[in-house]
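Structure file entry-v4.pdb (PDB, C-alpha atoms and all ligand atoms) follows.
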```pdb
ATOM      1  CA  MET A 756       0.000   0.000   0.000
ATOM      2  CA  GLU A 757       1.544   3.262  -1.139
ATOM      3  CA  LEU A 758       1.483   6.036   1.431
ATOM      4  CA  THR A 759       3.503   8.577  -0.515
ATOM      5  CA  ALA A 760       1.730  10.854  -2.957
ATOM      6  CA  ASP A 761       2.668  10.551  -6.616
ATOM      7  CA  CYS A 762       0.887  13.384  -8.408
ATOM      8  CA  SER A 763       2.117  12.175 -11.789
ATOM      9  CA  ARG A 764      -0.376   9.309 -11.430
ATOM     10  CA  CYS A 765      -3.270  11.430 -10.196
ATOM     11  CA  VAL A 766      -5.606  13.839 -11.947
ATOM     12  CA  GLY A 767      -5.313  16.720  -9.525
ATOM     13  CA  LEU A 768      -8.011  15.498  -7.184
ATOM     14  CA  CYS A 769      -6.901  17.596  -4.225
ATOM     15  CA  CYS A 770      -7.058  20.665  -6.475
ATOM     16  CA  VAL A 771     -10.662  19.883  -7.382
ATOM     17  CA  VAL A 772     -12.324  17.987  -4.564
ATOM     18  CA  LEU A 773     -11.151  19.965  -1.550
ATOM     19  CA  PRO A 774     -12.552  23.374  -0.600
ATOM     20  CA  PHE A 775     -10.478  26.192   0.774
ATOM     21  CA  SER A 776     -11.049  29.724   1.940
ATOM     22  CA  ARG A 777      -9.081  32.924   1.587
ATOM     23  CA  SER A 778      -6.761  32.881   4.552
ATOM     24  CA  ALA A 779      -3.122  32.796   5.592
ATOM     25  CA  ASP A 780      -2.908  29.503   3.677
ATOM     26  CA  PHE A 781      -4.907  30.296   0.542
ATOM     27  CA  ALA A 782      -5.172  33.413  -1.574
ATOM     28  CA  PHE A 783      -8.812  32.973  -2.578
ATOM     29  CA  ASP A 784     -11.984  30.988  -1.934
ATOM     30  CA  LYS A 785     -12.652  27.724  -3.737
ATOM     31  CA  PRO A 786     -15.706  25.549  -3.125
ATOM     32  CA  ALA A 787     -15.468  21.772  -2.950
ATOM     33  CA  GLY A 788     -15.699  20.039  -6.311
ATOM     34  CA  THR A 789     -14.560  23.042  -8.319
ATOM     35  CA  PRO A 790     -11.195  22.949 -10.099
ATOM     36  CA  CYS A 791      -8.698  25.463  -8.799
ATOM     37  CA  ARG A 792      -8.130  28.357 -11.188
ATOM     38  CA  HIS A 793      -4.461  27.373 -11.342
ATOM     39  CA  LEU A 794      -5.034  23.739 -12.295
ATOM     40  CA  ALA A 795      -3.864  23.192 -15.871
ATOM     41  CA  ALA A 796      -5.381  20.856 -18.434
ATOM     42  CA  ASP A 797      -2.619  18.338 -17.827
ATOM     43  CA  HIS A 798      -3.612  18.182 -14.132
ATOM     44  CA  ARG A 799      -0.482  20.074 -13.104
ATOM     45  CA  CYS A 800      -0.347  23.186 -10.976
ATOM     46  CA  GLY A 801       0.310  26.287 -13.047
ATOM     47  CA  ILE A 802       1.999  28.068 -10.160
ATOM     48  CA  HIS A 803       3.843  25.173  -8.598
ATOM     49  CA  ASP A 804       7.172  26.962  -8.510
ATOM     50  CA  ARG A 805       5.704  29.979  -6.743
ATOM     51  CA  LEU A 806       3.017  28.582  -4.473
ATOM     52  CA  GLY A 807       4.436  30.254  -1.383
ATOM     53  CA  GLU A 808       4.686  33.737  -2.791
ATOM     54  CA  SER A 809       1.278  33.276  -4.411
ATOM     55  CA  GLY A 810      -0.327  32.875  -1.010
ATOM     56  CA  MET A 811      -1.032  29.160  -1.484
ATOM     57  CA  ARG A 812       0.964  27.730   1.360
ATOM     58  CA  GLY A 813      -1.862  25.353   2.199
ATOM     59  CA  CYS A 814      -1.082  23.564  -1.054
ATOM     60  CA  VAL A 815       2.526  23.146  -0.016
ATOM     61  CA  ALA A 816       1.486  21.485   3.209
ATOM     62  CA  TYR A 817      -1.203  19.241   1.776
ATOM     63  CA  ASP A 818      -0.585  15.506   1.430
ATOM     64  CA  CYS A 819      -3.054  12.797   0.386
ATOM     65  CA  PHE A 820      -0.954   9.911   1.743
ATOM     66  CA  GLY A 821      -1.032   8.328  -1.715
ATOM     67  CA  ALA A 822      -4.818   8.156  -1.940
ATOM     68  CA  GLY A 823      -4.922  10.293  -5.076
ATOM     69  CA  GLN A 824      -3.063   7.926  -7.350
ATOM     70  CA  SER A 825      -4.818   4.939  -5.797
ATOM     71  CA  VAL A 826      -8.344   6.059  -6.613
ATOM     72  CA  THR A 827      -7.292   7.479  -9.977
ATOM     73  CA  GLU A 828      -5.738   4.237 -11.117
ATOM     74  CA  THR A 829      -8.585   2.077  -9.848
ATOM     75  CA  ASP A 830     -11.441   4.180 -11.160
ATOM     76  CA  ARG A 831     -12.682   5.108  -7.669
ATOM     77  CA  ILE A 832     -12.356   8.870  -7.850
ATOM     78  CA  PRO A 833     -15.726   9.528  -6.122
ATOM     79  CA  HIS A 834     -14.299   7.780  -3.072
ATOM     80  CA  PHE A 835     -11.200   9.962  -2.808
ATOM     81  CA  LEU A 836     -12.057  11.622   0.496
ATOM     82  CA  VAL A 837     -12.860   8.318   2.148
ATOM     83  CA  VAL A 838      -9.790   6.515   0.803
ATOM     84  CA  GLU A 839      -7.634   9.438   1.850
ATOM     85  CA  GLN A 840      -8.720   8.900   5.454
ATOM     86  CA  VAL A 841      -7.891   5.212   5.210
ATOM     87  CA  HIS A 842      -4.431   6.002   3.883
ATOM     88  CA  GLU A 843      -3.882   8.402   6.743
ATOM     89  CA  ILE A 844      -4.837   5.690   9.219
ATOM     90  CA  ALA A 845      -2.369   3.373   7.474
ATOM     91  CA  TRP A 846       0.312   6.017   7.898
ATOM     92  CA  TYR A 847      -0.153   6.022  11.657
ATOM     93  CA  LEU A 848      -0.297   2.236  11.796
ATOM     94  CA  ALA A 849       3.056   2.104  10.034
ATOM     95  CA  ASP A 850       4.504   4.046  12.951
ATOM     96  CA  ALA A 851       2.971   1.567  15.368
ATOM     97  CA  THR A 852       4.378  -1.329  13.362
ATOM     98  CA  ASP A 853       7.819   0.235  13.415
ATOM     99  CA  ARG A 854       7.581   0.327  17.198
ATOM    100  CA  GLY A 855       6.958  -3.414  17.275
ATOM    101  CA  ALA A 856       3.249  -3.221  18.073
ATOM    102  CA  ASP A 857       1.128  -6.196  17.118
ATOM    103  CA  VAL A 858      -1.156  -4.387  14.713
ATOM    104  CA  ALA A 859      -0.908  -6.751  11.754
ATOM    105  CA  ALA A 860      -4.629  -7.491  11.802
ATOM    106  CA  LEU A 861      -5.458  -3.787  11.796
ATOM    107  CA  VAL A 862      -3.005  -3.177   8.973
ATOM    108  CA  ALA A 863      -4.595  -5.950   6.934
ATOM    109  CA  GLU A 864      -8.039  -4.560   7.603
ATOM    110  CA  THR A 865      -6.877  -1.096   6.593
ATOM    111  CA  GLU A 866      -5.380  -2.394   3.364
ATOM    112  CA  ARG A 867      -8.608  -4.192   2.504
ATOM    113  CA  LEU A 868     -10.644  -1.065   3.093
ATOM    114  CA  ALA A 869      -8.206   1.071   1.114
ATOM    115  CA  ALA A 870      -8.690  -1.227  -1.865
ATOM    116  CA  ALA A 871     -12.439  -1.681  -1.481
ATOM    117  CA  ALA A 872     -14.593  -0.844  -4.462
ATOM    118  CA  ARG A 873     -17.040   1.139  -2.355
ATOM    119  CA  PRO A 874     -15.469   2.186   0.929
ATOM    120  CA  SER A 875     -17.922   4.063   3.108
ATOM    121  CA  GLN A 876     -17.480   6.636   5.826
ATOM    122  CA  GLN A 877     -19.059   4.172   8.228
ATOM    123  CA  HIS A 878     -16.375   1.635   7.358
ATOM    124  CA  VAL A 879     -13.720   4.248   8.086
ATOM    125  CA  ASP A 880     -15.307   5.234  11.373
ATOM    126  CA  ASP A 881     -15.502   1.592  12.452
ATOM    127  CA  LEU A 882     -11.871   1.048  11.561
ATOM    128  CA  ARG A 883     -10.847   4.213  13.338
ATOM    129  CA  SER A 884     -12.561   3.130  16.535
ATOM    130  CA  ARG A 885     -10.369   0.019  16.591
ATOM    131  CA  VAL A 886      -7.160   1.710  15.511
ATOM    132  CA  ALA A 887      -7.270   4.624  17.945
ATOM    133  CA  PRO A 888      -6.694   2.540  21.111
ATOM    134  CA  ALA A 889      -3.799   0.727  19.449
ATOM    135  CA  LEU A 890      -2.127   3.988  18.495
ATOM    136  CA  ARG A 891      -2.597   5.363  21.956
ATOM    137  CA  ALA A 892      -1.173   2.216  23.559
ATOM    138  CA  VAL A 893       1.971   2.525  21.459
ATOM    139  CA  ALA A 894       2.409   6.138  22.481
ATOM    140  CA  GLU A 895       1.850   5.352  26.150
ATOM    141  CA  ALA A 896       4.390   2.540  26.012
ATOM    142  CA  ALA A 897       6.949   4.889  24.489
ATOM    143  CA  ARG A 898       6.164   7.543  27.068
ATOM    144  CA  SER A 899       6.581   5.122  29.967
ATOM    145  CA  ALA A 900      10.341   5.145  29.426
ATOM    146  CA  TYR A 901      10.493   8.678  30.803
ATOM    147  CA  ASP A 902       9.875  10.031  34.254
ATOM    148  CA  GLY A 903       7.623  12.978  34.818
ATOM    149  CA  ARG A 904       6.607  13.373  31.203
ATOM    150  CA  ARG A 905       4.159  16.187  30.688
ATOM    151  CA  ASP A 906       0.673  15.642  29.467
ATOM    152  CA  LEU A 907       0.262  18.407  26.924
ATOM    153  CA  ALA A 908      -2.503  16.836  24.882
ATOM    154  CA  GLY A 909      -4.619  19.590  23.417
ATOM    155  CA  ALA A 910      -2.567  22.276  25.186
ATOM    156  CA  ASP A 911      -2.461  25.776  23.756
ATOM    157  CA  LEU A 912       1.254  26.363  23.237
ATOM    158  CA  ALA A 913       0.885  28.818  20.391
ATOM    159  CA  GLY A 914       3.756  31.187  19.997
ATOM    160  CA  GLY A 915       5.638  29.616  22.902
ATOM    161  CA  ASP A 916       9.381  29.579  23.283
ATOM    162  CA  HIS A 917      10.359  25.934  23.600
ATOM    163  CA  ARG A 918      13.842  26.220  22.216
ATOM    164  CA  GLY A 919      16.010  23.362  23.345
ATOM    165  CA  ALA A 920      13.189  21.912  25.434
ATOM    166  CA  ASP A 921      13.295  18.325  26.573
ATOM    167  CA  LEU A 922       9.996  17.109  25.187
ATOM    168  CA  ARG A 923      10.916  13.454  25.034
ATOM    169  CA  GLY A 924       7.847  11.339  25.580
ATOM    170  CA  ALA A 925       5.555  14.365  25.783
ATOM    171  CA  ASP A 926       1.935  13.842  24.918
ATOM    172  CA  LEU A 927       1.364  16.590  22.367
ATOM    173  CA  ARG A 928      -1.704  15.089  20.730
ATOM    174  CA  GLY A 929      -3.780  17.858  19.302
ATOM    175  CA  ALA A 930      -1.562  20.473  20.937
ATOM    176  CA  VAL A 931      -1.691  23.911  19.364
ATOM    177  CA  LEU A 932       1.868  24.844  18.491
ATOM    178  CA  LEU A 933       1.044  27.599  16.032
ATOM    179  CA  GLY A 934       4.130  29.700  15.512
ATOM    180  CA  ALA A 935       5.903  28.036  18.439
ATOM    181  CA  ASP A 936       9.672  27.968  18.522
ATOM    182  CA  LEU A 937      10.795  24.375  18.948
ATOM    183  CA  GLY A 938      14.294  24.998  17.669
ATOM    184  CA  GLY A 939      16.689  22.433  19.061
ATOM    185  CA  ALA A 940      13.966  20.719  21.083
ATOM    186  CA  ASP A 941      14.108  16.968  21.599
ATOM    187  CA  LEU A 942      10.801  15.382  20.635
ATOM    188  CA  THR A 943      11.926  11.780  20.755
ATOM    189  CA  ASP A 944       8.948   9.523  21.531
ATOM    190  CA  ALA A 945       6.660  12.558  21.653
ATOM    191  CA  ASP A 946       3.145  11.840  20.425
ATOM    192  CA  LEU A 947       2.384  14.433  17.744
ATOM    193  CA  LEU A 948      -0.841  12.999  16.417
ATOM    194  CA  GLY A 949      -2.885  15.931  15.222
ATOM    195  CA  ALA A 950      -0.570  18.567  16.714
ATOM    196  CA  ASP A 951      -0.913  21.897  14.932
ATOM    197  CA  LEU A 952       2.587  22.854  13.787
ATOM    198  CA  ARG A 953       1.639  25.614  11.402
ATOM    199  CA  GLY A 954       4.250  28.315  11.442
ATOM    200  CA  ALA A 955       6.331  26.458  14.025
ATOM    201  CA  SER A 956      10.107  26.694  13.938
ATOM    202  CA  LEU A 957      11.601  23.232  13.923
ATOM    203  CA  GLY A 958      15.166  24.061  12.944
ATOM    204  CA  GLY A 959      17.574  21.879  14.854
ATOM    205  CA  ALA A 960      14.752  19.984  16.559
ATOM    206  CA  ASP A 961      14.910  16.218  16.784
ATOM    207  CA  LEU A 962      11.702  14.675  15.508
ATOM    208  CA  SER A 963      13.414  11.628  14.054
ATOM    209  CA  ARG A 964      11.718   9.354  16.599
ATOM    210  CA  SER A 965       8.521  11.300  17.126
ATOM    211  CA  LEU A 966       5.260   9.448  16.806
ATOM    212  CA  TYR A 967       2.571  10.062  14.201
ATOM    213  CA  LEU A 968       4.240  12.978  12.449
ATOM    214  CA  THR A 969       2.969  13.621   8.927
ATOM    215  CA  ARG A 970       4.048  15.492   5.829
ATOM    216  CA  ARG A 971       1.158  17.836   6.379
ATOM    217  CA  GLN A 972       2.573  18.868   9.709
ATOM    218  CA  LEU A 973       6.098  19.290   8.406
ATOM    219  CA  GLY A 974       4.826  21.105   5.346
ATOM    220  CA  SER A 975       2.988  23.629   7.477
ATOM    221  CA  ALA A 976       5.962  24.458   9.693
ATOM    222  CA  ARG A 977       7.859  27.696   9.246
ATOM    223  CA  THR A 978      11.211  25.949   9.317
ATOM    224  CA  ARG A 979      11.902  22.255   9.297
ATOM    225  CA  PRO A 980      14.328  19.987  11.043
ATOM    226  CA  THR A 981      17.388  18.699   9.284
ATOM    227  CA  ASP A 982      17.321  15.280   7.678
ATOM    228  CA  ALA A 983      18.905  13.881  10.812
ATOM    229  CA  GLY A 984      16.048  15.304  12.849
ATOM    230  CA  THR A 985      13.347  14.031  10.498
ATOM    231  CA  PRO A 986      11.762  10.574  10.525
ATOM    232  CA  LYS A 987      13.340   8.539   7.751
ATOM    233  CA  ARG A 988      10.152   7.988   5.794
ATOM    234  CA  LEU A 989       9.513  11.735   5.791
ATOM    235  CA  SER A 990      12.960  12.654   4.536
ATOM    236  CA  GLU A 991      12.713  10.490   1.447
ATOM    237  CA  PRO A 992      12.181  12.195  -1.916
ATOM    238  CA  TRP A 993       8.612  13.068  -2.701
ATOM    239  CA  THR A 994       7.397  12.669  -6.258
ATOM    240  CA  ARG A 995       4.705  15.231  -5.648
ATOM    241  CA  ALA A 996       7.100  18.089  -6.224
ATOM    242  CA  ALA A 997       8.413  16.510  -9.393
ATOM    243  CA  ALA A 998       4.878  16.233 -10.662
ATOM    244  CA  GLY A 999       4.477  19.952 -10.376
ATOM    245  CA  ARG A1000       1.507  20.095  -8.084
ATOM    246  CA  GLY A1001       1.730  20.883  -4.408
ATOM    247  CA  GLY A1002       4.786  20.109  -2.347
ATOM    248  CA  ASP A1003       7.869  22.252  -2.360
ATOM    249  CA  ASP A1004      10.859  22.282  -4.596
ATOM    250  CA  ASP A1005      13.099  19.995  -2.642
ATOM    251  CA  GLY A1006      10.841  17.481  -0.982
ATOM    252  CA  VAL A1007       9.286  17.409   2.435
ATOM    253  CA  GLY A1008      11.587  17.553   5.377
ATOM    254  CA  ARG A1009      14.383  19.499   3.772
ATOM    255  CA  GLY A1010      14.508  23.241   3.840
ATOM    256  CA  GLY A1011      12.230  25.001   1.447
ATOM    257  CA  HIS A1012       8.931  26.464   2.399
ATOM    258  CA  ARG A1013       8.600  29.122   5.054
ATOM    259  CA  LEU A1014       5.640  30.999   6.315
ATOM    260  CA  GLY A1015       5.734  34.720   6.065
ATOM    261  CA  ALA A1016       5.329  37.230   8.839
ATOM    262  CA  GLU A1017       2.060  35.838  10.194
ATOM    263  CA  GLY A1018       2.131  35.107  13.880
ATOM    264  CA  PRO A1019      -0.042  32.696  15.843
ATOM    265  CA  GLN A1020      -2.927  35.132  16.103
ATOM    266  CA  GLU A1021      -3.083  35.722  12.388
ATOM    267  CA  LEU A1022      -2.989  31.991  11.795
ATOM    268  CA  ARG A1023      -5.749  31.411  14.312
ATOM    269  CA  GLU A1024      -7.901  33.974  12.585
ATOM    270  CA  HIS A1025      -7.644  32.051   9.375
ATOM    271  CA  ASP A1026      -8.715  28.632  10.505
ATOM    272  CA  GLN A1027     -11.790  28.401   8.380
ATOM    273  CA  HIS A1028     -10.112  26.148   5.872
ATOM    274  CA  ARG A1029      -9.129  23.739   8.577
ATOM    275  CA  ASP A1030     -12.615  23.699   9.970
ATOM    276  CA  GLN A1031     -13.997  22.921   6.550
ATOM    277  CA  GLN A1032     -11.599  20.064   6.058
ATOM    278  CA  ASP A1033     -12.311  18.695   9.515
ATOM    279  CA  ALA A1034     -15.925  18.534   8.524
ATOM    280  CA  VAL A1035     -15.180  16.060   5.777
ATOM    281  CA  ARG A1036     -12.310  14.201   7.390
ATOM    282  CA  ALA A1037     -12.846  12.777  10.829
ATOM    283  CA  PRO A1038      -9.738  12.259  12.942
ATOM    284  CA  ALA A1039      -7.912   9.008  13.517
ATOM    285  CA  ASP A1040      -8.451   9.606  17.183
ATOM    286  CA  GLN A1041     -11.699  11.359  17.930
ATOM    287  CA  HIS A1042     -10.267  12.974  21.030
ATOM    288  CA  ASP A1043      -7.538  15.026  19.600
ATOM    289  CA  THR A1044      -6.675  14.718  15.957
ATOM    290  CA  ARG A1045      -6.547  17.969  14.066
ATOM    291  CA  ARG A1046      -5.555  18.516  10.541
ATOM    292  CA  SER A1047      -2.396  20.108   9.477
TER     293      SER A1047
HETATM  294  S1  LIG B   1      -1.602  23.023  -5.960
HETATM  295 FE1  LIG B   1      -1.898  24.617  -7.562
HETATM  296  S2  LIG B   1      -3.658  23.914  -8.793
HETATM  297 FE2  LIG B   1      -3.673  22.747  -6.859
HETATM  298  S3  LIG B   1      -5.065  23.907  -5.488
HETATM  299 FE3  LIG B   1      -2.943  24.618  -5.119
HETATM  300  S4  LIG B   1      -2.686  26.418  -6.463
HETATM  301 FE4  LIG B   1      -4.470  25.291  -7.189
END
```

Target format structure tokens, applied to this file:
Amino acid sequence: MELTADCSRCVGLCCVVLPFSRSADFAFDKPAGTPCRHLAADHRCGIHDRLGESGMRGCVAYDCFGAGQSVTETDRIPHFLVVEQVHEIAWYLADATDRGADVAALVAETERLAAAARPSQQHVDDLRSRVAPALRAVAEAARSAYDGRRDLAGADLAGGDHRGADLRGADLRGAVLLGADLGGADLTDADLLGADLRGASLGGADLSRSLYLTRRQLGSARTRPTDAGTPKRLSEPWTRAAAGRGGDDDGVGRGGHRLGAEGPQELREHDQHRDQQDAVRAPADQHDTRRS
């Protein structure tokens, strides 16, 4: 099951299916199901090499977890939004597998649903209800190796100065880290499922062993960690950029995209897009997952 987007095998579904609103992340409004004005006839982005300066940073951060090419190649385009959720769940399960968790049955179930001819939202919700406890158990096991780890799940840490902080094993699920400075922080074994990292500074931070980190989160950060501080599967080349739609010029996890001068407040004030996407994509963990 492919969990890395390959836009060269997709027909620009994210640029058609998803809605967005004029905000810090998008320069204009676009309703769901309407092709973006910048989407070319060959399904490529006409402004790919200048997305950031064109006010389309949300496109840089977006990742479909490989759902786009899957539904395109199997003639299941109407099921894109559902399959995308299944691929995201598979992404998190891969982390759990890497930690030695016995989630083979859940992985198999996820793969079957990802390939189903008619996957339904109910199927996804049922799967999610079984996956969420497994993901949480993995995170708790990792956290147990540390004494006095802080429970920061859902905490509002926007704009905070956490430079060089020891955040090993921290529970940062759903934490709001908008514009936070995490430069040089150690996030080994930290649970980042759904943490909002938009505009965060991650330069010099160690996220190489963080749990449940996604391309969306890295793509939304102001600055990113080095390759050494990035989980291996997130530092690998991303064909999305080569396809000329979304992504940045050098692949996720390495330099590239930066937010502009917006601070946490400005970002907060432009959360409508996120709210819209949350409405169509339920979280992998109902308690705390937020979209990046
Ligand atoms: S990647 Fe390009 S074509 Fe797609 S939504 Fe963004 S600006 Fe539009």

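The coordinates place CA of Ala795 in chain A at 24.3 Å from CA of Ser975 in chain A.
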
Q: Compute the set of protein, DNA and RNA residues whose minimum atom distance to ligand LIG 1 (chain B) is at most 9 Å, using only C-alpha atoms and all ligand atoms, and state it as an MDAnalysis selection string.
A: chainID A and resid 767:771 773:775 781:782 785 790:795 798:803 806 809:815 817 999:1002

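Counting only C-alpha atoms and comparing A:Asp797, A:Glu757, A:Asp906, A:Asp804, the residue that lies closest to Gly929 in chain A is A:Asp906.
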
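If all atoms listed in the file are the atoms counted, then among A:Arg891, A:Arg764, A:Arg979, A:Arg854 the closest residue to Leu947 in chain A is A:Arg891.
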
Q. Written as a PyMOL selection string, what is the full residue list that the PyMOL selection byres (((chain A and resi 945) around 7) and not hetatm) yields on the file shown?
A. chain A and resi 922-927+942-944+946-947+965-966

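In this model, the gap between CA of Leu882 in chain A and CA of Ala849 in chain A comes to 15.0 Å.
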
Q) Hey, what's within 10 Å of Asp936 in chain A if we count all atoms listed in the file and toss same-chain stuff fewer than 6 positions away? As a ChimeraX atom specification, please? A) /A:912-920,952,954-958,960,977-978

Keeping only C-alpha atoms, write the selected residues to a file as a short mmCIF file (atom, residue, chain, number, x, y, z; two decimals), in the coordinates of the input.
```
data_model
loop_
_atom_site.label_atom_id
_atom_site.label_comp_id
_atom_site.auth_asym_id
_atom_site.auth_seq_id
_atom_site.Cartn_x
_atom_site.Cartn_y
_atom_site.Cartn_z
CA LEU A 912 1.25 26.36 23.24
CA ALA A 913 0.88 28.82 20.39
CA GLY A 914 3.76 31.19 20.00
CA GLY A 915 5.64 29.62 22.90
CA ASP A 916 9.38 29.58 23.28
CA HIS A 917 10.36 25.93 23.60
CA ARG A 918 13.84 26.22 22.22
CA GLY A 919 16.01 23.36 23.34
CA ALA A 920 13.19 21.91 25.43
CA LEU A 952 2.59 22.85 13.79
CA GLY A 954 4.25 28.32 11.44
CA ALA A 955 6.33 26.46 14.02
CA SER A 956 10.11 26.69 13.94
CA LEU A 957 11.60 23.23 13.92
CA GLY A 958 15.17 24.06 12.94
CA ALA A 960 14.75 19.98 16.56
CA ARG A 977 7.86 27.70 9.25
CA THR A 978 11.21 25.95 9.32
#
```

Q: Using the chain letters and numbers from the file, give me the residues hit by the PyMOL selection byres (((chain A and resi 853) around 12) and not hetatm), as an MDAnalysis selection string.
A: chainID A and resid 846:852 854:859 890 893 964:967 986:988

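Closest to Leu962 in chain A among A:Gly938, A:Ala894, A:Gly949, A:Val838 is A:Gly938, based on only C-alpha atoms.
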
Q.
What's the separation between CA of Leu836 in chain A and CA of Phe820 in chain A, in Å to one decimal place?
A. 11.3 Å
